[in-house]
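Note: the block below is upload-v2.pdb and it holds PDB, C-alpha atoms.
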ATOM      1  CA  MET A 371      -8.054 129.299-108.332
ATOM      2  CA  ASP A 372      -4.301 129.009-107.952
ATOM      3  CA  PHE A 373      -2.938 129.437-104.469
ATOM      4  CA  THR A 374       0.188 128.485-102.612
ATOM      5  CA  ILE A 375       0.721 127.367 -99.025
ATOM      6  CA  ARG A 376       4.126 128.229 -97.591
ATOM      7  CA  ALA A 377       5.867 128.757 -94.255
ATOM      8  CA  ALA A 378       5.320 132.206 -92.767
ATOM      9  CA  SER A 379       8.281 134.553 -92.399
ATOM     10  CA  VAL A 380       8.699 137.642 -90.237
ATOM     11  CA  GLU A 381       7.600 139.762 -93.222
ATOM     12  CA  ASP A 382       4.151 138.158 -93.025
ATOM     13  CA  CYS A 383       3.412 139.394 -89.506
ATOM     14  CA  LYS A 384       1.626 142.541 -90.687
ATOM     15  CA  ASP A 385      -0.820 140.445 -92.728
ATOM     16  CA  ILE A 386      -1.200 137.838 -89.985
ATOM     17  CA  ALA A 387      -2.043 140.591 -87.464
ATOM     18  CA  ARG A 388      -4.618 141.969 -89.940
ATOM     19  CA  MET A 389      -6.199 138.557 -90.433
ATOM     20  CA  ILE A 390      -6.214 137.835 -86.671
ATOM     21  CA  LEU A 391      -8.384 140.950 -86.287
ATOM     22  CA  GLU A 392     -10.637 139.836 -89.159
ATOM     23  CA  LEU A 393     -10.989 136.402 -87.557
ATOM     24  CA  SER A 394     -11.810 137.875 -84.152
ATOM     25  CA  GLU A 395     -14.546 140.007 -85.735
ATOM     26  CA  TYR A 396     -15.925 136.927 -87.466
ATOM     27  CA  GLU A 397     -15.828 135.081 -84.136
ATOM     28  CA  LYS A 398     -17.480 138.060 -82.398
ATOM     29  CA  LEU A 399     -14.600 138.276 -79.939
ATOM     30  CA  GLY A 400     -13.946 141.945 -80.614
ATOM     31  CA  ASN A 401     -13.430 142.929 -76.990
ATOM     32  CA  ILE A 402     -10.554 140.572 -76.224
ATOM     33  CA  ALA A 403      -6.984 141.806 -76.449
ATOM     34  CA  LYS A 404      -5.272 140.802 -79.668
ATOM     35  CA  VAL A 405      -1.629 140.307 -80.409
ATOM     36  CA  THR A 406       0.052 142.963 -82.533
ATOM     37  CA  GLN A 407       2.391 142.718 -85.511
ATOM     38  CA  LYS A 408       5.279 143.400 -83.145
ATOM     39  CA  ASP A 409       4.166 140.643 -80.747
ATOM     40  CA  LEU A 410       4.032 138.185 -83.642
ATOM     41  CA  GLU A 411       7.488 139.219 -84.864
ATOM     42  CA  GLN A 412       8.982 138.757 -81.399
ATOM     43  CA  ASP A 413       7.089 135.640 -80.336
ATOM     44  CA  GLY A 414       7.210 133.676 -83.577
ATOM     45  CA  PHE A 415      10.459 134.621 -85.254
ATOM     46  CA  SER A 416      13.114 134.825 -82.577
ATOM     47  CA  LYS A 417      15.037 132.045 -80.836
ATOM     48  CA  ASN A 418      12.721 129.463 -79.242
ATOM     49  CA  PRO A 419       9.567 130.678 -81.004
ATOM     50  CA  PHE A 420       6.220 130.229 -79.256
ATOM     51  CA  PHE A 421       4.491 129.344 -82.537
ATOM     52  CA  HIS A 422       5.024 128.729 -86.242
ATOM     53  CA  GLY A 423       2.827 129.877 -89.098
ATOM     54  CA  ILE A 424       1.828 129.052 -92.641
ATOM     55  CA  ILE A 425       0.372 131.443 -95.207
ATOM     56  CA  ALA A 426      -2.037 130.967 -98.117
ATOM     57  CA  GLU A 427      -1.217 133.309-100.981
ATOM     58  CA  VAL A 428      -2.879 134.012-104.328
ATOM     59  CA  PRO A 429      -1.281 135.448-107.499
ATOM     60  CA  GLU A 430      -1.365 139.219-108.063
ATOM     61  CA  GLN A 431      -4.250 138.979-110.542
ATOM     62  CA  HIS A 432      -6.481 137.585-107.770
ATOM     63  CA  ARG A 433      -5.543 140.157-105.135
ATOM     64  CA  THR A 434      -8.347 141.705-103.090
ATOM     65  CA  GLN A 435      -9.748 145.201-103.695
ATOM     66  CA  GLU A 436      -7.470 146.383-100.898
ATOM     67  CA  GLY A 437      -4.499 144.797-102.629
ATOM     68  CA  HIS A 438      -4.000 141.762-100.385
ATOM     69  CA  THR A 439      -2.481 138.573-101.795
ATOM     70  CA  LYS A 440      -1.947 136.890 -98.395
ATOM     71  CA  ILE A 441      -5.486 135.685 -97.844
ATOM     72  CA  GLY A 442      -5.293 132.910 -95.252
ATOM     73  CA  TYR A 443      -3.119 131.585 -92.443
ATOM     74  CA  ALA A 444      -2.769 129.011 -89.722
ATOM     75  CA  LEU A 445      -0.627 129.159 -86.588
ATOM     76  CA  TYR A 446       0.576 126.010 -84.873
ATOM     77  CA  PHE A 447       2.928 124.754 -82.187
ATOM     78  CA  TYR A 448       4.046 121.378 -80.930
ATOM     79  CA  SER A 449       2.383 120.036 -77.801
ATOM     80  CA  TYR A 450       2.073 116.833 -75.806
ATOM     81  CA  SER A 451      -0.547 114.456 -74.510
ATOM     82  CA  SER A 452       0.048 111.905 -71.781
ATOM     83  CA  CYS A 453      -2.386 109.657 -73.672
ATOM     84  CA  LEU A 454      -1.175 110.003 -77.246
ATOM     85  CA  GLY A 455       2.281 111.542 -76.898
ATOM     86  CA  ARG A 456       3.636 114.005 -79.444
ATOM     87  CA  SER A 457       0.891 116.306 -80.692
ATOM     88  CA  ILE A 458       0.502 119.442 -82.773
ATOM     89  CA  TYR A 459      -1.893 122.243 -81.874
ATOM     90  CA  MET A 460      -3.504 124.479 -84.484
ATOM     91  CA  GLU A 461      -4.195 127.967 -83.121
ATOM     92  CA  ASP A 462      -6.330 129.736 -85.722
ATOM     93  CA  LEU A 463      -7.235 128.592 -89.202
ATOM     94  CA  TYR A 464      -8.485 131.474 -91.318
ATOM     95  CA  VAL A 465      -9.328 132.169 -94.951
ATOM     96  CA  MET A 466     -10.680 135.565 -96.035
ATOM     97  CA  PRO A 467     -14.426 135.331 -96.823
ATOM     98  CA  GLU A 468     -14.162 135.926-100.580
ATOM     99  CA  PHE A 469     -11.686 133.033-100.914
ATOM    100  CA  ARG A 470     -13.688 130.390 -99.045
ATOM    101  CA  GLY A 471     -15.073 127.270-100.681
ATOM    102  CA  LYS A 472     -11.985 126.792-102.861
ATOM    103  CA  GLY A 473     -10.148 124.233-100.735
ATOM    104  CA  ILE A 474      -7.751 126.744 -99.182
ATOM    105  CA  GLY A 475      -8.804 126.012 -95.579
ATOM    106  CA  LYS A 476      -8.443 122.290 -96.215
ATOM    107  CA  ALA A 477      -5.000 122.877 -97.775
ATOM    108  CA  LEU A 478      -3.856 124.893 -94.737
ATOM    109  CA  MET A 479      -5.116 122.296 -92.259
ATOM    110  CA  SER A 480      -3.673 119.482 -94.371
ATOM    111  CA  LYS A 481      -0.278 121.204 -94.223
ATOM    112  CA  VAL A 482      -0.456 121.401 -90.414
ATOM    113  CA  ALA A 483      -1.298 117.680 -90.343
ATOM    114  CA  GLN A 484       1.671 116.923 -92.620
ATOM    115  CA  LEU A 485       4.023 118.947 -90.441
ATOM    116  CA  GLY A 486       2.715 117.147 -87.359
ATOM    117  CA  LEU A 487       3.155 113.681 -88.861
ATOM    118  CA  ALA A 488       6.646 114.594 -90.055
ATOM    119  CA  ALA A 489       7.550 115.512 -86.456
ATOM    120  CA  GLY A 490       6.194 112.212 -85.144
ATOM    121  CA  CYS A 491       2.926 113.630 -83.806
ATOM    122  CA  HIS A 492      -0.019 111.318 -83.231
ATOM    123  CA  GLN A 493      -2.737 113.920 -82.936
ATOM    124  CA  LEU A 494      -3.800 117.388 -84.063
ATOM    125  CA  ASN A 495      -5.738 119.489 -81.544
ATOM    126  CA  PHE A 496      -7.557 122.797 -81.782
ATOM    127  CA  THR A 497     -10.600 124.565 -80.376
ATOM    128  CA  VAL A 498     -13.741 125.704 -82.151
ATOM    129  CA  LEU A 499     -16.685 127.842 -80.994
ATOM    130  CA  ASP A 500     -19.826 125.755 -80.554
ATOM    131  CA  TRP A 501     -22.043 128.164 -82.551
ATOM    132  CA  ASN A 502     -19.699 128.013 -85.555
ATOM    133  CA  LYS A 503     -21.598 125.249 -87.358
ATOM    134  CA  SER A 504     -19.882 125.697 -90.721
ATOM    135  CA  SER A 505     -16.464 125.240 -89.103
ATOM    136  CA  LEU A 506     -17.690 122.290 -87.033
ATOM    137  CA  ASP A 507     -19.132 120.653 -90.169
ATOM    138  CA  PHE A 508     -15.833 121.225 -91.964
ATOM    139  CA  TYR A 509     -13.868 119.622 -89.119
ATOM    140  CA  PHE A 510     -16.287 116.702 -88.727
ATOM    141  CA  SER A 511     -16.116 116.038 -92.481
ATOM    142  CA  HIS A 512     -12.372 115.552 -92.012
ATOM    143  CA  GLY A 513     -12.725 113.027 -89.217
ATOM    144  CA  CYS A 514     -12.149 115.311 -86.237
ATOM    145  CA  ASN A 515     -13.559 114.369 -82.854
ATOM    146  CA  ASP A 516     -15.330 116.848 -80.547
ATOM    147  CA  VAL A 517     -13.535 115.872 -77.343
ATOM    148  CA  THR A 518     -15.642 118.269 -75.284
ATOM    149  CA  ALA A 519     -18.961 116.824 -76.475
ATOM    150  CA  ASN A 520     -17.852 113.188 -76.551
ATOM    151  CA  MET A 521     -15.582 112.912 -73.501
ATOM    152  CA  GLY A 522     -16.475 115.917 -71.365
ATOM    153  CA  TYR A 523     -13.212 117.815 -71.576
ATOM    154  CA  HIS A 524     -13.559 121.503 -70.757
ATOM    155  CA  TYR A 525     -10.966 124.016 -71.853
ATOM    156  CA  MET A 526      -9.799 126.208 -68.958
ATOM    157  CA  SER A 527      -7.842 129.434 -68.689
ATOM    158  CA  CYS A 528      -6.160 131.404 -65.925
ATOM    159  CA  HIS A 529      -4.854 134.836 -66.842
ATOM    160  CA  GLY A 530      -4.315 138.371 -65.620
ATOM    161  CA  GLU A 531      -4.505 138.941 -61.867
ATOM    162  CA  ALA A 532      -5.649 135.355 -61.244
ATOM    163  CA  LEU A 533      -2.449 134.068 -62.859
ATOM    164  CA  GLU A 534      -0.358 136.470 -60.777
ATOM    165  CA  ARG A 535      -2.083 135.269 -57.587
ATOM    166  CA  LEU A 536      -1.712 131.620 -58.561
ATOM    167  CA  ALA A 537       2.026 132.145 -58.951
ATOM    168  CA  GLN A 538       2.357 133.351 -55.349
ATOM    169  CA  PRO A 539       4.041 130.599 -53.308
TER     170      PRO A 539
ATOM    171  CA  MET B 519       4.206 117.621 -44.455
ATOM    172  CA  ASP B 520       7.503 118.567 -46.071
ATOM    173  CA  PHE B 521       7.660 118.292 -49.819
ATOM    174  CA  THR B 522       9.737 119.761 -52.586
ATOM    175  CA  ILE B 523       8.819 120.835 -56.099
ATOM    176  CA  ARG B 524      11.641 120.579 -58.625
ATOM    177  CA  ALA B 525      12.244 120.281 -62.353
ATOM    178  CA  ALA B 526      11.879 116.740 -63.683
ATOM    179  CA  SER B 527      14.909 114.965 -65.098
ATOM    180  CA  VAL B 528      15.153 111.941 -67.361
ATOM    181  CA  GLU B 529      15.535 109.759 -64.248
ATOM    182  CA  ASP B 530      11.983 110.685 -63.235
ATOM    183  CA  CYS B 531      10.360 109.218 -66.346
ATOM    184  CA  LYS B 532       9.694 105.854 -64.734
ATOM    185  CA  ASP B 533       7.724 107.506 -61.929
ATOM    186  CA  ILE B 534       5.963 109.898 -64.312
ATOM    187  CA  ALA B 535       4.854 106.955 -66.485
ATOM    188  CA  ARG B 536       3.577 105.199 -63.340
ATOM    189  CA  MET B 537       1.622 108.285 -62.238
ATOM    190  CA  ILE B 538       0.218 108.856 -65.757
ATOM    191  CA  LEU B 539      -1.326 105.387 -65.483
ATOM    192  CA  GLU B 540      -2.649 106.152 -61.991
ATOM    193  CA  LEU B 541      -4.165 109.420 -63.281
ATOM    194  CA  SER B 542      -5.786 107.695 -66.251
ATOM    195  CA  GLU B 543      -7.378 105.146 -63.928
ATOM    196  CA  TYR B 544      -8.651 107.988 -61.733
ATOM    197  CA  GLU B 545     -10.019 109.705 -64.842
ATOM    198  CA  LYS B 546     -11.575 106.418 -66.023
ATOM    199  CA  LEU B 547      -9.691 106.650 -69.306
ATOM    200  CA  GLY B 548      -8.154 103.218 -69.020
ATOM    201  CA  ASN B 549      -8.754 102.201 -72.615
ATOM    202  CA  ILE B 550      -6.785 105.027 -74.223
ATOM    203  CA  ALA B 551      -3.181 104.472 -75.265
ATOM    204  CA  LYS B 552      -0.700 105.874 -72.762
ATOM    205  CA  VAL B 553       2.828 107.087 -73.249
ATOM    206  CA  THR B 554       5.581 104.854 -71.895
ATOM    207  CA  GLN B 555       8.691 105.621 -69.869
ATOM    208  CA  LYS B 556      10.700 105.423 -73.088
ATOM    209  CA  ASP B 557       8.353 107.840 -74.884
ATOM    210  CA  LEU B 558       8.739 110.324 -72.040
ATOM    211  CA  GLU B 559      12.529 109.992 -72.078
ATOM    212  CA  GLN B 560      12.677 110.613 -75.815
ATOM    213  CA  ASP B 561       9.984 113.284 -76.090
ATOM    214  CA  GLY B 562      10.801 115.344 -73.017
ATOM    215  CA  PHE B 563      14.538 115.054 -72.547
ATOM    216  CA  SER B 564      16.139 115.260 -75.964
ATOM    217  CA  LYS B 565      16.824 118.298 -78.155
ATOM    218  CA  ASN B 566      13.668 120.361 -78.804
ATOM    219  CA  PRO B 567      11.578 118.634 -76.124
ATOM    220  CA  PHE B 568       7.817 118.405 -76.647
ATOM    221  CA  PHE B 569       7.145 119.051 -72.945
ATOM    222  CA  HIS B 570       8.769 119.871 -69.626
ATOM    223  CA  GLY B 571       7.920 118.437 -66.232
ATOM    224  CA  ILE B 572       8.016 119.169 -62.527
ATOM    225  CA  ILE B 573       7.985 116.648 -59.713
ATOM    226  CA  ALA B 574       6.643 116.752 -56.150
ATOM    227  CA  GLU B 575       8.789 114.700 -53.817
ATOM    228  CA  VAL B 576       8.502 113.811 -50.125
ATOM    229  CA  PRO B 577      11.318 112.801 -47.716
ATOM    230  CA  GLU B 578      12.133 109.108 -47.288
ATOM    231  CA  GLN B 579      10.248 108.887 -43.985
ATOM    232  CA  HIS B 580       7.004 109.743 -45.788
ATOM    233  CA  ARG B 581       7.466 107.304 -48.659
ATOM    234  CA  THR B 582       4.482 105.205 -49.695
ATOM    235  CA  GLN B 583       4.031 101.539 -48.777
ATOM    236  CA  GLU B 584       5.428 100.711 -52.220
ATOM    237  CA  GLY B 585       8.462 102.880 -51.542
ATOM    238  CA  HIS B 586       7.592 105.874 -53.717
ATOM    239  CA  THR B 587       8.872 109.333 -52.797
ATOM    240  CA  LYS B 588       7.920 110.972 -56.099
ATOM    241  CA  ILE B 589       4.241 111.489 -55.399
ATOM    242  CA  GLY B 590       3.034 114.149 -57.823
ATOM    243  CA  TYR B 591       3.872 115.757 -61.141
ATOM    244  CA  ALA B 592       2.796 118.259 -63.741
ATOM    245  CA  LEU B 593       3.757 118.405 -67.413
ATOM    246  CA  TYR B 594       3.697 121.681 -69.330
ATOM    247  CA  PHE B 595       4.745 123.262 -72.610
ATOM    248  CA  TYR B 596       4.728 126.748 -74.057
ATOM    249  CA  SER B 597       1.901 127.653 -76.390
ATOM    250  CA  TYR B 598       0.349 130.674 -78.071
ATOM    251  CA  SER B 599      -2.950 132.480 -78.341
ATOM    252  CA  SER B 600      -3.794 135.011 -81.036
ATOM    253  CA  CYS B 601      -5.831 136.817 -78.367
ATOM    254  CA  LEU B 602      -3.443 136.828 -75.421
ATOM    255  CA  GLY B 603      -0.081 135.943 -76.950
ATOM    256  CA  ARG B 604       2.479 133.855 -75.074
ATOM    257  CA  SER B 605       0.786 131.128 -73.060
ATOM    258  CA  ILE B 606       1.710 128.050 -71.064
ATOM    259  CA  TYR B 607      -0.275 124.828 -71.199
ATOM    260  CA  MET B 608      -0.484 122.402 -68.287
ATOM    261  CA  GLU B 609      -0.913 118.806 -69.453
ATOM    262  CA  ASP B 610      -1.699 116.758 -66.340
ATOM    263  CA  LEU B 611      -1.585 117.821 -62.726
ATOM    264  CA  TYR B 612      -1.500 114.836 -60.406
ATOM    265  CA  VAL B 613      -0.932 114.118 -56.729
ATOM    266  CA  MET B 614      -1.182 110.570 -55.366
ATOM    267  CA  PRO B 615      -4.426 110.128 -53.366
ATOM    268  CA  GLU B 616      -2.801 109.710 -49.932
ATOM    269  CA  PHE B 617      -0.942 113.024 -50.353
ATOM    270  CA  ARG B 618      -3.909 115.173 -51.356
ATOM    271  CA  GLY B 619      -5.213 118.051 -49.240
ATOM    272  CA  LYS B 620      -1.715 119.154 -48.231
ATOM    273  CA  GLY B 621      -1.218 121.936 -50.759
ATOM    274  CA  ILE B 622       0.941 119.869 -53.106
ATOM    275  CA  GLY B 623      -1.372 120.274 -56.108
ATOM    276  CA  LYS B 624      -1.515 124.011 -55.505
ATOM    277  CA  ALA B 625       2.281 124.135 -55.228
ATOM    278  CA  LEU B 626       2.704 122.273 -58.529
ATOM    279  CA  MET B 627       0.230 124.506 -60.342
ATOM    280  CA  SER B 628       1.736 127.597 -58.759
ATOM    281  CA  LYS B 629       5.144 126.549 -60.077
ATOM    282  CA  VAL B 630       3.750 126.192 -63.604
ATOM    283  CA  ALA B 631       2.250 129.687 -63.287
ATOM    284  CA  GLN B 632       5.615 131.052 -62.096
ATOM    285  CA  LEU B 633       7.438 129.436 -65.013
ATOM    286  CA  GLY B 634       4.876 130.867 -67.412
ATOM    287  CA  LEU B 635       5.122 134.396 -66.034
ATOM    288  CA  ALA B 636       8.924 134.194 -66.105
ATOM    289  CA  ALA B 637       8.727 133.339 -69.822
ATOM    290  CA  GLY B 638       6.410 136.281 -70.504
ATOM    291  CA  CYS B 639       3.212 134.236 -70.724
ATOM    292  CA  HIS B 640      -0.130 135.930 -70.187
ATOM    293  CA  GLN B 641      -2.253 132.868 -69.638
ATOM    294  CA  LEU B 642      -2.222 129.297 -68.344
ATOM    295  CA  ASN B 643      -4.468 126.809 -70.145
ATOM    296  CA  PHE B 644      -5.442 123.226 -69.410
ATOM    297  CA  THR B 645      -8.401 120.879 -69.765
ATOM    298  CA  VAL B 646     -10.489 119.224 -67.084
ATOM    299  CA  LEU B 647     -13.187 116.552 -67.267
ATOM    300  CA  ASP B 648     -16.626 117.985 -66.557
ATOM    301  CA  TRP B 649     -17.561 115.285 -64.010
ATOM    302  CA  ASN B 650     -14.417 115.953 -61.964
ATOM    303  CA  LYS B 651     -16.083 118.377 -59.549
ATOM    304  CA  SER B 652     -13.290 118.361 -56.966
ATOM    305  CA  SER B 653     -10.756 119.402 -59.614
ATOM    306  CA  LEU B 654     -13.124 122.002 -61.058
ATOM    307  CA  ASP B 655     -13.711 123.436 -57.568
ATOM    308  CA  PHE B 656      -9.956 123.545 -56.998
ATOM    309  CA  TYR B 657      -9.390 125.388 -60.281
ATOM    310  CA  PHE B 658     -12.310 127.799 -59.754
ATOM    311  CA  SER B 659     -11.021 128.607 -56.268
ATOM    312  CA  HIS B 660      -7.808 129.776 -57.923
ATOM    313  CA  GLY B 661      -9.553 132.113 -60.360
ATOM    314  CA  CYS B 662      -9.581 129.864 -63.425
ATOM    315  CA  ASN B 663     -12.194 130.410 -66.122
ATOM    316  CA  ASP B 664     -14.142 127.577 -67.774
ATOM    317  CA  VAL B 665     -13.737 128.765 -71.360
ATOM    318  CA  THR B 666     -15.930 125.960 -72.670
ATOM    319  CA  ALA B 667     -18.864 126.797 -70.392
ATOM    320  CA  ASN B 668     -18.484 130.575 -70.595
ATOM    321  CA  MET B 669     -17.459 131.157 -74.203
ATOM    322  CA  GLY B 670     -18.462 127.977 -76.002
ATOM    323  CA  TYR B 671     -15.007 126.725 -76.959
ATOM    324  CA  HIS B 672     -14.924 123.011 -77.728
ATOM    325  CA  TYR B 673     -11.680 121.061 -77.657
ATOM    326  CA  MET B 674     -11.174 119.043 -80.835
ATOM    327  CA  SER B 675      -8.854 116.220 -81.865
ATOM    328  CA  CYS B 676      -7.869 114.509 -85.087
ATOM    329  CA  HIS B 677      -5.723 111.403 -84.784
ATOM    330  CA  GLY B 678      -4.979 107.989 -86.233
ATOM    331  CA  GLU B 679      -6.293 107.294 -89.724
ATOM    332  CA  ALA B 680      -8.223 110.568 -89.818
ATOM    333  CA  LEU B 681      -4.974 112.480 -89.311
ATOM    334  CA  GLU B 682      -3.281 110.451 -92.049
ATOM    335  CA  ARG B 683      -6.169 111.206 -94.441
ATOM    336  CA  LEU B 684      -6.179 114.895 -93.520
ATOM    337  CA  ALA B 685      -2.496 115.067 -94.414
ATOM    338  CA  GLN B 686      -3.177 113.835 -97.973
ATOM    339  CA  PRO B 687      -2.826 116.815-100.364
TER     340      PRO B 687
END
Please render this file's structure as structure tokens.
Amino acid sequence: MDFTIRAASVEDCKDIARMILELSEYEKLGNIAKVTQKDLEQDGFSKNPFFHGIIAEVPEQHRTQEGHTKIGYALYFYSYSSCLGRSIYMEDLYVMPEFRGKGIGKALMSKVAQLGLAAGCHQLNFTVLDWNKSSLDFYFSHGCNDVTANMGYHYMSCHGEALERLAQP
Amino acid sequence: MDFTIRAASVEDCKDIARMILELSEYEKLGNIAKVTQKDLEQDGFSKNPFFHGIIAEVPEQHRTQEGHTKIGYALYFYSYSSCLGRSIYMEDLYVMPEFRGKGIGKALMSKVAQLGLAAGCHQLNFTVLDWNKSSLDFYFSHGCNDVTANMGYHYMSCHGEALERLAQP
């Protein structure tokens, strides 16, 4: 099937917000707050954006029953490691279920890797849920390393009231 | 003990590189490539920096035997979550051993939280090694959540030849 991978623009935020919700349902994370179309427009497409995005698109004749032609996305931002230096982080990699198995996920991830290498990055990082065996298999098949399993790194978060308290001098 | 927390400048890169090596020895990661002073100067203090830094400094009268007054640091960069939106990521939090237990680590982390909140971030993320109980206790005491243990997120990496292969179309 033909598909194209291209940089996301502000006009894609409605579809990205839709697919973020689809992904969170797939990941069974339905009860966690999700960013809105407006958040994405403000945070990704103003000065000093917090992220960048790429979109997978199919021709009109392959659109979904609901009329969607934007059927996959990845978000990414540049990051840093005191071990490996310049890095790129992939936040979300998603392809709509009926378009899986056609190389679109690989093409999206490959594009993030290309963008990282072009910016001088030495590593691509992301997180994956441990029960998501099909995603883990996909990542392992592309040479990714489970840093949590192999080196003991745990991913930590501080948010909400805890973050407010932490910020108190 | 008096100490100050301030933004890092390019003149601090020598001390940051020294403390990155100290931290990697503490974390028993001695065999992994480490960024150099020159890397830090280029990657953190040119246009579109990959990270920002803060430094903990003590007065001359408290300098170490080797003459160091810059005795702690944290690196951070802005990131993004499709659940919680604008986020800040803390890469490394380090205080030299003889200056621990004086609130300097808390002050550094608190400053990162303040910078995040000021930029509209909803969450602070970082990684910690699972055997590092004293760090984990410190983070838990400040309301941080072990996302790996509690939600099953694994931190993944692709680098070196695997990253080059992934980038092939």
Per-residue nearest contacts of chain A to chain B (7 Å; all atoms listed in the file) as a tab-separated table:
residue	atom	partner	partner_atom	distance
A:Ile390	CA	B:Ser600	CA	6.8
A:Ile402	CA	B:Cys601	CA	6.4
A:Ala403	CA	B:Cys601	CA	5.5
A:Lys404	CA	B:Cys601	CA	4.2
A:Val405	CA	B:Ser600	CA	5.8
A:Phe420	CA	B:Ser597	CA	5.8
A:Phe421	CA	B:Tyr598	CA	6.2
A:Phe447	CA	B:Ser597	CA	6.6
A:Tyr448	CA	B:Phe568	CA	6.4
A:Ser449	CA	B:Phe568	CA	5.8
A:Tyr450	CA	B:Phe568	CA	6.0
A:Ser451	CA	B:Glu609	CA	6.7
A:Ser452	CA	B:Val553	CA	5.8
A:Cys453	CA	B:Lys552	CA	4.2
A:Leu454	CA	B:Lys552	CA	6.1
A:Gly455	CA	B:Val553	CA	5.8
A:Arg456	CA	B:Phe568	CA	6.7
A:Glu461	CA	B:Ser599	CA	6.7
A:Ala477	CA	B:Pro687	CA	6.9
A:Ser480	CA	B:Ala685	CA	4.6
A:Lys481	CA	B:Ala685	CA	6.5
A:Ala483	CA	B:Ala685	CA	5.0
A:Gln484	CA	B:Ala685	CA	4.9
A:His492	CA	B:His677	CA	5.9
A:Gln493	CA	B:His677	CA	4.3
A:Leu494	CA	B:Cys676	CA	5.1
A:Asn495	CA	B:Ser675	CA	4.5
A:Phe496	CA	B:Met674	CA	5.3
A:Thr497	CA	B:Tyr673	CA	4.6
A:Val498	CA	B:His672	CA	5.3
A:Leu499	CA	B:Tyr671	CA	4.5
A:Asp500	CA	B:Gly670	CA	5.2
A:His512	CA	B:Leu684	CA	6.4
A:Gly513	CA	B:Ala680	CA	5.2
A:Cys514	CA	B:Cys676	CA	4.5
A:Asn515	CA	B:Ser675	CA	5.2
A:Asp516	CA	B:Met674	CA	4.7
A:Val517	CA	B:Met674	CA	5.3
A:Thr518	CA	B:His672	CA	5.4
A:Gly522	CA	B:Asp648	CA	5.2
A:Tyr523	CA	B:Leu647	CA	4.5
A:His524	CA	B:Thr645	CA	5.3
A:Tyr525	CA	B:Thr645	CA	4.6
A:Met526	CA	B:Asp664	CA	4.7
A:Ser527	CA	B:Asn643	CA	4.5
A:Cys528	CA	B:Cys662	CA	4.5
A:His529	CA	B:Gln641	CA	4.3
A:Gly530	CA	B:His640	CA	6.7
A:Ala532	CA	B:Gly661	CA	5.2
A:Leu533	CA	B:Ala631	CA	6.4
A:Leu536	CA	B:Ser628	CA	5.3
A:Ala537	CA	B:Ser628	CA	4.6
A:Gln538	CA	B:Ser628	CA	6.7
A:Pro539	CA	B:Ser628	CA	6.6
Around all the atoms of range 635-647 of chain B listed in the file, with 3 Å of room on each side, what axis-aligned box do you get, giving centre and edge lengths in Å to one decimal, as AutoDock Vina command-line options?
--center_x -2.1 --center_y 126.4 --center_z -68.4 --size_x 28.1 --size_y 25.7 --size_z 10.7
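Interatomic distance, CA of Gln431 in chain A to CA of Met371 in chain A: 10.6 Å.
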CA of Ser564 in chain B to CA of Val576 in chain B, straight-line distance in Å: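 Distance between the two atoms: 27.0 Å.
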Interatomic distance, CA of Ala377 in chain A to CA of Lys503 in chain A (Å, one decimal):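 If I compute the distance from CA of Ala377 in chain A to CA of Lys503 in chain A, I get 28.5 Å.
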Residue members of the PyMOL selection byres ((chain B and resi 616) around 12) in the file shown, as a PyMOL selection string: chain B and resi 519+580-583+586+589-590+612-615+617-620+622
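Using all atoms listed in the file, the protein and nucleic acid residues lying no more than 10 Å from Glu381 in chain A, apart from those fewer than 4 places from it along its own chain, are Asp385, Ile386, Gln407, Glu411 and Phe415 of chain A.
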Among the residues A:Ile375, A:Met389, A:Cys383, A:Ala444, the one that comes closest to Ala426 in chain A [using only C-alpha atoms]: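 Of the candidates, the smallest distance to Ala426 in chain A is held by A:Ile375.
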